[in-house]
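Undergrad: Here you go, data-v6.cif (mmCIF, N, CA and C atoms):
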data_coords
loop_
_atom_site.label_atom_id
_atom_site.label_comp_id
_atom_site.auth_asym_id
_atom_site.auth_seq_id
_atom_site.Cartn_x
_atom_site.Cartn_y
_atom_site.Cartn_z
N MET A 244 -66.74 7.66 4.37
CA MET A 244 -66.54 7.24 5.75
C MET A 244 -67.87 7.31 6.49
N VAL A 245 -68.13 6.33 7.32
CA VAL A 245 -69.38 6.23 8.07
C VAL A 245 -69.32 7.16 9.29
N PRO A 246 -70.36 7.98 9.52
CA PRO A 246 -70.36 8.84 10.72
C PRO A 246 -70.33 7.99 11.99
N ALA A 247 -69.75 8.56 13.05
CA ALA A 247 -69.60 7.83 14.31
C ALA A 247 -70.94 7.38 14.87
N SER A 248 -71.99 8.16 14.64
CA SER A 248 -73.31 7.79 15.16
C SER A 248 -73.89 6.58 14.45
N LYS A 249 -73.44 6.29 13.21
CA LYS A 249 -73.94 5.15 12.43
C LYS A 249 -73.17 3.86 12.70
N VAL A 250 -72.02 3.97 13.35
CA VAL A 250 -71.23 2.78 13.65
C VAL A 250 -71.92 2.03 14.78
N PRO A 251 -72.13 0.71 14.61
CA PRO A 251 -72.80 -0.05 15.67
C PRO A 251 -72.04 0.02 17.00
N ARG A 252 -72.80 -0.08 18.06
CA ARG A 252 -72.23 0.01 19.41
C ARG A 252 -71.15 -1.05 19.62
N TRP A 253 -71.39 -2.27 19.15
CA TRP A 253 -70.41 -3.34 19.35
C TRP A 253 -69.10 -3.03 18.62
N ALA A 254 -69.19 -2.32 17.47
CA ALA A 254 -67.98 -1.97 16.73
C ALA A 254 -67.18 -0.89 17.47
N ARG A 255 -67.90 0.08 18.05
CA ARG A 255 -67.21 1.12 18.84
C ARG A 255 -66.54 0.49 20.06
N LEU A 256 -67.23 -0.46 20.70
CA LEU A 256 -66.67 -1.14 21.87
C LEU A 256 -65.43 -1.94 21.48
N ALA A 257 -65.49 -2.61 20.33
CA ALA A 257 -64.34 -3.39 19.85
C ALA A 257 -63.15 -2.47 19.55
N GLN A 258 -63.40 -1.32 18.93
CA GLN A 258 -62.33 -0.37 18.64
C GLN A 258 -61.70 0.14 19.93
N ARG A 259 -62.53 0.44 20.91
CA ARG A 259 -62.03 0.94 22.20
C ARG A 259 -61.25 -0.14 22.93
N THR A 260 -61.71 -1.37 22.85
CA THR A 260 -61.07 -2.48 23.56
C THR A 260 -59.68 -2.76 23.01
N LEU A 261 -59.49 -2.58 21.72
CA LEU A 261 -58.22 -2.90 21.10
C LEU A 261 -57.17 -1.79 21.25
N ARG A 262 -57.52 -0.70 21.91
CA ARG A 262 -56.56 0.37 22.16
C ARG A 262 -55.77 0.10 23.44
N HIS A 263 -54.65 0.78 23.56
CA HIS A 263 -53.83 0.69 24.77
C HIS A 263 -54.68 1.17 25.95
N PRO A 264 -54.55 0.53 27.13
CA PRO A 264 -55.37 0.92 28.29
C PRO A 264 -55.30 2.41 28.63
N ALA A 265 -54.15 3.03 28.42
CA ALA A 265 -54.01 4.45 28.74
C ALA A 265 -54.75 5.33 27.74
N ASP A 266 -55.06 4.79 26.56
CA ASP A 266 -55.74 5.57 25.52
C ASP A 266 -57.25 5.34 25.48
N ARG A 267 -57.76 4.44 26.31
CA ARG A 267 -59.18 4.10 26.24
C ARG A 267 -60.09 5.18 26.78
N THR A 268 -59.64 5.90 27.78
CA THR A 268 -60.46 6.96 28.36
C THR A 268 -59.79 8.30 28.08
N PRO A 269 -60.55 9.27 27.59
CA PRO A 269 -59.95 10.58 27.27
C PRO A 269 -59.59 11.34 28.54
N GLY A 270 -58.49 12.07 28.48
CA GLY A 270 -58.08 12.92 29.59
C GLY A 270 -57.54 12.12 30.77
N PRO A 271 -57.39 12.79 31.91
CA PRO A 271 -56.80 12.13 33.07
C PRO A 271 -57.77 11.19 33.81
N GLU A 272 -59.05 11.24 33.44
CA GLU A 272 -60.06 10.41 34.10
C GLU A 272 -59.91 8.95 33.68
N ARG A 273 -59.94 8.04 34.65
CA ARG A 273 -59.85 6.62 34.35
C ARG A 273 -61.23 5.98 34.46
N GLY A 274 -61.45 4.94 33.69
CA GLY A 274 -62.71 4.23 33.71
C GLY A 274 -62.81 3.27 34.88
N ARG A 275 -63.96 2.62 34.99
CA ARG A 275 -64.18 1.68 36.10
C ARG A 275 -63.22 0.50 36.01
N PHE A 276 -63.01 -0.03 34.81
CA PHE A 276 -62.12 -1.18 34.68
C PHE A 276 -60.69 -0.81 35.05
N GLU A 277 -60.24 0.38 34.66
CA GLU A 277 -58.89 0.80 34.99
C GLU A 277 -58.70 0.92 36.50
N ARG A 278 -59.73 1.47 37.17
CA ARG A 278 -59.65 1.56 38.64
C ARG A 278 -59.68 0.18 39.27
N LEU A 279 -60.49 -0.73 38.73
CA LEU A 279 -60.55 -2.10 39.22
C LEU A 279 -59.21 -2.80 39.01
N ALA A 280 -58.60 -2.59 37.85
CA ALA A 280 -57.31 -3.21 37.56
C ALA A 280 -56.24 -2.71 38.53
N GLU A 281 -56.27 -1.42 38.81
CA GLU A 281 -55.30 -0.87 39.76
C GLU A 281 -55.51 -1.45 41.16
N SER A 282 -56.75 -1.53 41.59
CA SER A 282 -57.04 -2.11 42.90
C SER A 282 -56.65 -3.59 42.94
N GLY A 283 -56.93 -4.31 41.86
CA GLY A 283 -56.53 -5.72 41.78
C GLY A 283 -55.02 -5.88 41.85
N SER A 284 -54.31 -4.98 41.21
CA SER A 284 -52.84 -5.02 41.26
C SER A 284 -52.34 -4.78 42.68
N PHE A 285 -52.94 -3.80 43.36
CA PHE A 285 -52.55 -3.53 44.74
C PHE A 285 -52.86 -4.73 45.64
N LEU A 286 -54.04 -5.33 45.43
CA LEU A 286 -54.43 -6.49 46.22
C LEU A 286 -53.49 -7.67 45.98
N ALA A 287 -53.15 -7.92 44.71
CA ALA A 287 -52.30 -9.06 44.38
C ALA A 287 -50.89 -8.91 44.97
N GLY A 288 -50.48 -7.69 45.23
CA GLY A 288 -49.16 -7.47 45.81
C GLY A 288 -49.18 -7.33 47.32
N SER A 289 -50.29 -7.63 47.94
CA SER A 289 -50.40 -7.42 49.39
C SER A 289 -50.15 -8.69 50.18
N PRO A 290 -49.74 -8.55 51.44
CA PRO A 290 -49.56 -9.73 52.31
C PRO A 290 -50.88 -10.48 52.53
N LEU A 291 -52.00 -9.76 52.54
CA LEU A 291 -53.30 -10.41 52.72
C LEU A 291 -53.58 -11.39 51.59
N PHE A 292 -53.32 -10.99 50.36
CA PHE A 292 -53.55 -11.88 49.22
C PHE A 292 -52.63 -13.10 49.30
N PHE A 293 -51.39 -12.89 49.69
CA PHE A 293 -50.46 -14.00 49.85
C PHE A 293 -50.98 -14.98 50.90
N ALA A 294 -51.51 -14.45 52.00
CA ALA A 294 -52.06 -15.31 53.05
C ALA A 294 -53.27 -16.10 52.54
N VAL A 295 -54.13 -15.44 51.77
CA VAL A 295 -55.29 -16.13 51.20
C VAL A 295 -54.82 -17.25 50.27
N CYS A 296 -53.81 -16.99 49.46
CA CYS A 296 -53.26 -18.03 48.57
C CYS A 296 -52.73 -19.21 49.38
N LEU A 297 -52.03 -18.92 50.46
CA LEU A 297 -51.52 -20.01 51.30
C LEU A 297 -52.65 -20.83 51.90
N VAL A 298 -53.72 -20.16 52.33
CA VAL A 298 -54.87 -20.87 52.89
C VAL A 298 -55.51 -21.77 51.84
N VAL A 299 -55.68 -21.26 50.62
CA VAL A 299 -56.26 -22.07 49.55
C VAL A 299 -55.39 -23.29 49.26
N ILE A 300 -54.10 -23.10 49.22
CA ILE A 300 -53.17 -24.22 48.98
C ILE A 300 -53.24 -25.21 50.12
N LEU A 301 -53.31 -24.72 51.35
CA LEU A 301 -53.39 -25.60 52.51
C LEU A 301 -54.68 -26.42 52.50
N VAL A 302 -55.80 -25.79 52.19
CA VAL A 302 -57.08 -26.50 52.11
C VAL A 302 -57.02 -27.56 51.02
N TRP A 303 -56.44 -27.22 49.89
CA TRP A 303 -56.30 -28.17 48.80
C TRP A 303 -55.42 -29.35 49.22
N ALA A 304 -54.29 -29.07 49.87
CA ALA A 304 -53.37 -30.13 50.31
C ALA A 304 -54.03 -31.04 51.36
N ILE A 305 -54.75 -30.44 52.28
CA ILE A 305 -55.45 -31.24 53.31
C ILE A 305 -56.51 -32.11 52.65
N GLY A 306 -57.19 -31.55 51.65
CA GLY A 306 -58.18 -32.34 50.92
C GLY A 306 -57.55 -33.54 50.24
N LEU A 307 -56.37 -33.37 49.69
CA LEU A 307 -55.66 -34.50 49.08
C LEU A 307 -55.28 -35.55 50.12
N ILE A 308 -54.81 -35.09 51.26
CA ILE A 308 -54.36 -36.00 52.31
C ILE A 308 -55.50 -36.83 52.87
N VAL A 309 -56.64 -36.18 53.13
CA VAL A 309 -57.77 -36.89 53.73
C VAL A 309 -58.61 -37.65 52.69
N GLY A 310 -58.24 -37.52 51.42
CA GLY A 310 -58.94 -38.26 50.37
C GLY A 310 -60.27 -37.66 50.00
N ALA A 311 -60.29 -36.36 49.76
CA ALA A 311 -61.53 -35.68 49.37
C ALA A 311 -62.02 -36.22 48.03
N SER A 312 -63.26 -35.98 47.76
CA SER A 312 -63.87 -36.50 46.53
C SER A 312 -63.31 -35.80 45.29
N ASP A 313 -63.62 -36.39 44.15
CA ASP A 313 -63.21 -35.80 42.89
C ASP A 313 -63.88 -34.45 42.66
N ARG A 314 -65.08 -34.30 43.16
CA ARG A 314 -65.79 -33.02 43.02
C ARG A 314 -65.02 -31.91 43.74
N PHE A 315 -64.46 -32.22 44.90
CA PHE A 315 -63.66 -31.24 45.63
C PHE A 315 -62.44 -30.84 44.80
N GLU A 316 -61.78 -31.83 44.22
CA GLU A 316 -60.60 -31.57 43.40
C GLU A 316 -60.94 -30.67 42.21
N ILE A 317 -62.04 -30.99 41.53
CA ILE A 317 -62.45 -30.21 40.36
C ILE A 317 -62.84 -28.79 40.77
N ALA A 318 -63.56 -28.66 41.87
CA ALA A 318 -63.97 -27.34 42.35
C ALA A 318 -62.75 -26.50 42.73
N ALA A 319 -61.80 -27.12 43.42
CA ALA A 319 -60.60 -26.39 43.84
C ALA A 319 -59.78 -25.95 42.63
N SER A 320 -59.59 -26.84 41.67
CA SER A 320 -58.79 -26.47 40.50
C SER A 320 -59.54 -25.44 39.65
N GLY A 321 -60.85 -25.51 39.59
CA GLY A 321 -61.63 -24.51 38.86
C GLY A 321 -61.52 -23.15 39.51
N LEU A 322 -61.59 -23.10 40.83
CA LEU A 322 -61.46 -21.84 41.55
C LEU A 322 -60.09 -21.21 41.30
N VAL A 323 -59.06 -22.01 41.38
CA VAL A 323 -57.71 -21.50 41.15
C VAL A 323 -57.56 -21.02 39.70
N SER A 324 -58.13 -21.73 38.75
CA SER A 324 -58.05 -21.33 37.34
C SER A 324 -58.77 -20.01 37.10
N VAL A 325 -59.94 -19.86 37.66
CA VAL A 325 -60.70 -18.61 37.49
C VAL A 325 -59.95 -17.44 38.10
N LEU A 326 -59.45 -17.61 39.32
CA LEU A 326 -58.68 -16.53 39.97
C LEU A 326 -57.45 -16.17 39.16
N THR A 327 -56.77 -17.16 38.61
CA THR A 327 -55.58 -16.91 37.81
C THR A 327 -55.92 -16.10 36.56
N LEU A 328 -56.98 -16.48 35.88
CA LEU A 328 -57.38 -15.78 34.66
C LEU A 328 -57.75 -14.33 34.95
N VAL A 329 -58.50 -14.10 36.01
CA VAL A 329 -58.89 -12.73 36.37
C VAL A 329 -57.66 -11.91 36.75
N LEU A 330 -56.76 -12.49 37.53
CA LEU A 330 -55.55 -11.76 37.92
C LEU A 330 -54.67 -11.43 36.73
N VAL A 331 -54.55 -12.34 35.79
CA VAL A 331 -53.74 -12.07 34.60
C VAL A 331 -54.30 -10.86 33.85
N ALA A 332 -55.61 -10.83 33.67
CA ALA A 332 -56.24 -9.71 32.95
C ALA A 332 -56.04 -8.39 33.70
N LEU A 333 -56.26 -8.39 34.99
CA LEU A 333 -56.12 -7.16 35.77
C LEU A 333 -54.68 -6.69 35.84
N LEU A 334 -53.76 -7.61 36.07
CA LEU A 334 -52.36 -7.23 36.19
C LEU A 334 -51.77 -6.79 34.86
N LYS A 335 -52.20 -7.39 33.77
CA LYS A 335 -51.71 -6.96 32.46
C LYS A 335 -52.15 -5.54 32.16
N ASN A 336 -53.39 -5.19 32.50
CA ASN A 336 -53.87 -3.84 32.30
C ASN A 336 -53.03 -2.85 33.11
N ALA A 337 -52.81 -3.17 34.37
CA ALA A 337 -52.01 -2.28 35.23
C ALA A 337 -50.58 -2.18 34.72
N GLU A 338 -50.03 -3.28 34.24
CA GLU A 338 -48.66 -3.27 33.71
C GLU A 338 -48.55 -2.38 32.48
N LEU A 339 -49.51 -2.48 31.56
CA LEU A 339 -49.46 -1.66 30.35
C LEU A 339 -49.59 -0.18 30.67
N ARG A 340 -50.45 0.16 31.61
CA ARG A 340 -50.61 1.56 31.99
C ARG A 340 -49.34 2.10 32.63
N SER A 341 -48.73 1.31 33.50
CA SER A 341 -47.50 1.72 34.15
C SER A 341 -46.36 1.86 33.14
N GLU A 342 -46.30 0.94 32.21
CA GLU A 342 -45.27 0.99 31.17
C GLU A 342 -45.41 2.27 30.34
N ARG A 343 -46.63 2.64 30.00
CA ARG A 343 -46.86 3.86 29.23
C ARG A 343 -46.41 5.09 30.03
N ALA A 344 -46.73 5.13 31.32
CA ALA A 344 -46.35 6.28 32.14
C ALA A 344 -44.83 6.40 32.24
N ILE A 345 -44.16 5.28 32.41
CA ILE A 345 -42.70 5.30 32.50
C ILE A 345 -42.09 5.76 31.18
N GLN A 346 -42.62 5.28 30.06
CA GLN A 346 -42.10 5.68 28.76
C GLN A 346 -42.30 7.17 28.52
N GLN A 347 -43.44 7.71 28.91
CA GLN A 347 -43.67 9.14 28.74
C GLN A 347 -42.71 9.96 29.60
N LYS A 348 -42.42 9.48 30.79
CA LYS A 348 -41.45 10.18 31.64
C LYS A 348 -40.06 10.14 31.03
N LEU A 349 -39.66 8.97 30.52
CA LEU A 349 -38.34 8.86 29.88
C LEU A 349 -38.25 9.75 28.65
N ASP A 350 -39.32 9.81 27.86
CA ASP A 350 -39.33 10.68 26.69
C ASP A 350 -39.18 12.15 27.09
N ALA A 351 -39.86 12.56 28.16
CA ALA A 351 -39.77 13.94 28.62
C ALA A 351 -38.37 14.26 29.12
N ILE A 352 -37.76 13.32 29.82
CA ILE A 352 -36.39 13.53 30.32
C ILE A 352 -35.42 13.64 29.15
N ALA A 353 -35.54 12.74 28.18
CA ALA A 353 -34.65 12.78 27.02
C ALA A 353 -34.84 14.07 26.24
N SER A 354 -36.08 14.50 26.06
CA SER A 354 -36.35 15.75 25.35
C SER A 354 -35.76 16.94 26.10
N SER A 355 -35.90 16.93 27.42
CA SER A 355 -35.37 18.02 28.23
C SER A 355 -33.85 18.08 28.16
N LEU A 356 -33.23 16.90 28.23
CA LEU A 356 -31.77 16.86 28.12
C LEU A 356 -31.30 17.36 26.75
N LEU A 357 -32.01 16.98 25.72
CA LEU A 357 -31.66 17.41 24.38
C LEU A 357 -31.85 18.92 24.22
N GLN A 358 -32.94 19.47 24.77
CA GLN A 358 -33.17 20.91 24.69
C GLN A 358 -32.09 21.67 25.47
N ASP A 359 -31.72 21.13 26.63
CA ASP A 359 -30.67 21.78 27.41
C ASP A 359 -29.33 21.74 26.68
N LYS A 360 -29.05 20.62 26.03
CA LYS A 360 -27.78 20.46 25.31
C LYS A 360 -27.73 21.41 24.11
N ARG A 361 -28.86 21.59 23.45
CA ARG A 361 -28.91 22.46 22.27
C ARG A 361 -29.14 23.92 22.65
N GLY A 362 -29.38 24.19 23.91
CA GLY A 362 -29.63 25.56 24.35
C GLY A 362 -31.03 26.03 24.02
N GLY A 363 -31.97 25.12 24.08
CA GLY A 363 -33.36 25.44 23.74
C GLY A 363 -34.08 26.16 24.86
N ASP A 364 -35.37 26.22 24.73
CA ASP A 364 -36.25 26.90 25.67
C ASP A 364 -36.32 26.11 26.97
N GLU A 365 -35.73 26.65 28.05
CA GLU A 365 -35.72 25.95 29.32
C GLU A 365 -37.10 25.86 29.95
N ALA A 366 -37.92 26.86 29.74
CA ALA A 366 -39.27 26.85 30.32
C ALA A 366 -40.10 25.70 29.74
N ALA A 367 -39.94 25.47 28.45
CA ALA A 367 -40.69 24.38 27.81
C ALA A 367 -40.22 23.02 28.32
N SER A 368 -38.89 22.87 28.49
CA SER A 368 -38.39 21.58 28.98
C SER A 368 -38.80 21.35 30.43
N GLU A 369 -38.82 22.39 31.24
CA GLU A 369 -39.27 22.25 32.62
C GLU A 369 -40.75 21.90 32.67
N ARG A 370 -41.54 22.52 31.81
CA ARG A 370 -42.97 22.24 31.75
C ARG A 370 -43.21 20.77 31.33
N ASP A 371 -42.45 20.30 30.35
CA ASP A 371 -42.57 18.90 29.91
C ASP A 371 -42.23 17.94 31.04
N LEU A 372 -41.17 18.26 31.79
CA LEU A 372 -40.79 17.39 32.90
C LEU A 372 -41.84 17.40 34.00
N GLU A 373 -42.39 18.57 34.31
CA GLU A 373 -43.43 18.65 35.33
C GLU A 373 -44.65 17.84 34.92
N GLN A 374 -45.03 17.90 33.66
CA GLN A 374 -46.16 17.13 33.17
C GLN A 374 -45.87 15.63 33.23
N ALA A 375 -44.64 15.25 32.90
CA ALA A 375 -44.28 13.84 32.91
C ALA A 375 -44.25 13.27 34.32
N ILE A 376 -43.86 14.07 35.28
CA ILE A 376 -43.82 13.60 36.66
C ILE A 376 -45.22 13.28 37.15
N GLY A 377 -46.21 14.06 36.75
CA GLY A 377 -47.60 13.81 37.16
C GLY A 377 -48.32 12.80 36.30
N VAL A 378 -47.67 12.31 35.25
CA VAL A 378 -48.32 11.41 34.31
C VAL A 378 -48.66 10.07 34.94
N HIS A 379 -47.90 9.59 35.90
CA HIS A 379 -48.15 8.28 36.48
C HIS A 379 -49.48 8.25 37.24
N GLU A 380 -49.82 9.36 37.88
CA GLU A 380 -51.08 9.42 38.59
C GLU A 380 -52.26 9.46 37.62
N GLU A 381 -52.06 10.10 36.46
CA GLU A 381 -53.13 10.21 35.48
C GLU A 381 -53.38 8.87 34.79
N ILE A 382 -52.33 8.17 34.45
CA ILE A 382 -52.45 6.92 33.71
C ILE A 382 -52.77 5.83 34.68
#
In structure tokens, what does this structure look like?

TA:
Amino acid sequence: MVPASKVPRWARLAQRTLRHPADRTPGPERGRFERLAESGSFLAGSPLFFAVCLVVILVWAIGLIVGASDRFEIAASGLVSVLTLVLVALLKNAELRSERAIQQKLDAIASSLLQDKRGGDEAASERDLEQAIGVHEEI
């Protein structure tokens, strides 16, 4: 097996990229992209973003009505395509992280219920639930 220091940087980056977003950064600390994805998700769900989308659509529609040039049409469709691609990437990252947090919480609840049903260690099940409740902020 090749030592980690001998693995090329691009290979380490590829390995990290292909992991689940919640597993890319060790511990509760999130990377820059994860924070950007979260902010992008918040922005995409805001009334301000909806208003900006309406303005872009209105400008595009007015351009069609007044007979804007083909360059305007291409520029407008390119802008919309780029924004769509970026939003898909950011929202997918946020979705995967949220999905992982929800699954960990459900696993902790199921484990706690099973321990309670079997008469297991209540302190351990309470600790698991407390950790699962805080997991959404970490992920």

Undergrad: Pick the closest to Ala287 of chain A from A:Leu339, A:Leu349, A:Val302, A:Leu330: which is it, counting all atoms listed in the file?

TA: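 The answer is A:Leu330, which sits nearest to Ala287 of chain A.
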
Undergrad: With distances taken over all atoms listed in the file, which residue among A:Leu333, A:Gln347, A:Leu357, A:Ile352 lies nearest Leu279 of chain A?

TA: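 Looking at the shortest contact to Leu279 of chain A, the residue is A:Leu333.
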
Undergrad: Report, in Å with one decimal, the straight-line distance from atom CA of Leu297 of chain A to atom N of Leu334 of chain A.

TA: 19.8 Å

Undergrad: What does the structure give for the distance between atom CA of Ser284 of chain A and atom CA of Ala319 of chain A, in Å to one decimal?

TA: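 Computing the Euclidean distance for atom CA of Ser284 of chain A and atom CA of Ala319 of chain A yields 22.9 Å.
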
Undergrad: For a test of reading the model, state the distance in Å between atom CA of Lys348 of chain A and atom CA of Phe276 of chain A, rounded to one decimal.

TA: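 One can read the atom CA of Lys348 of chain A to atom CA of Phe276 of chain A distance as 23.8 Å.
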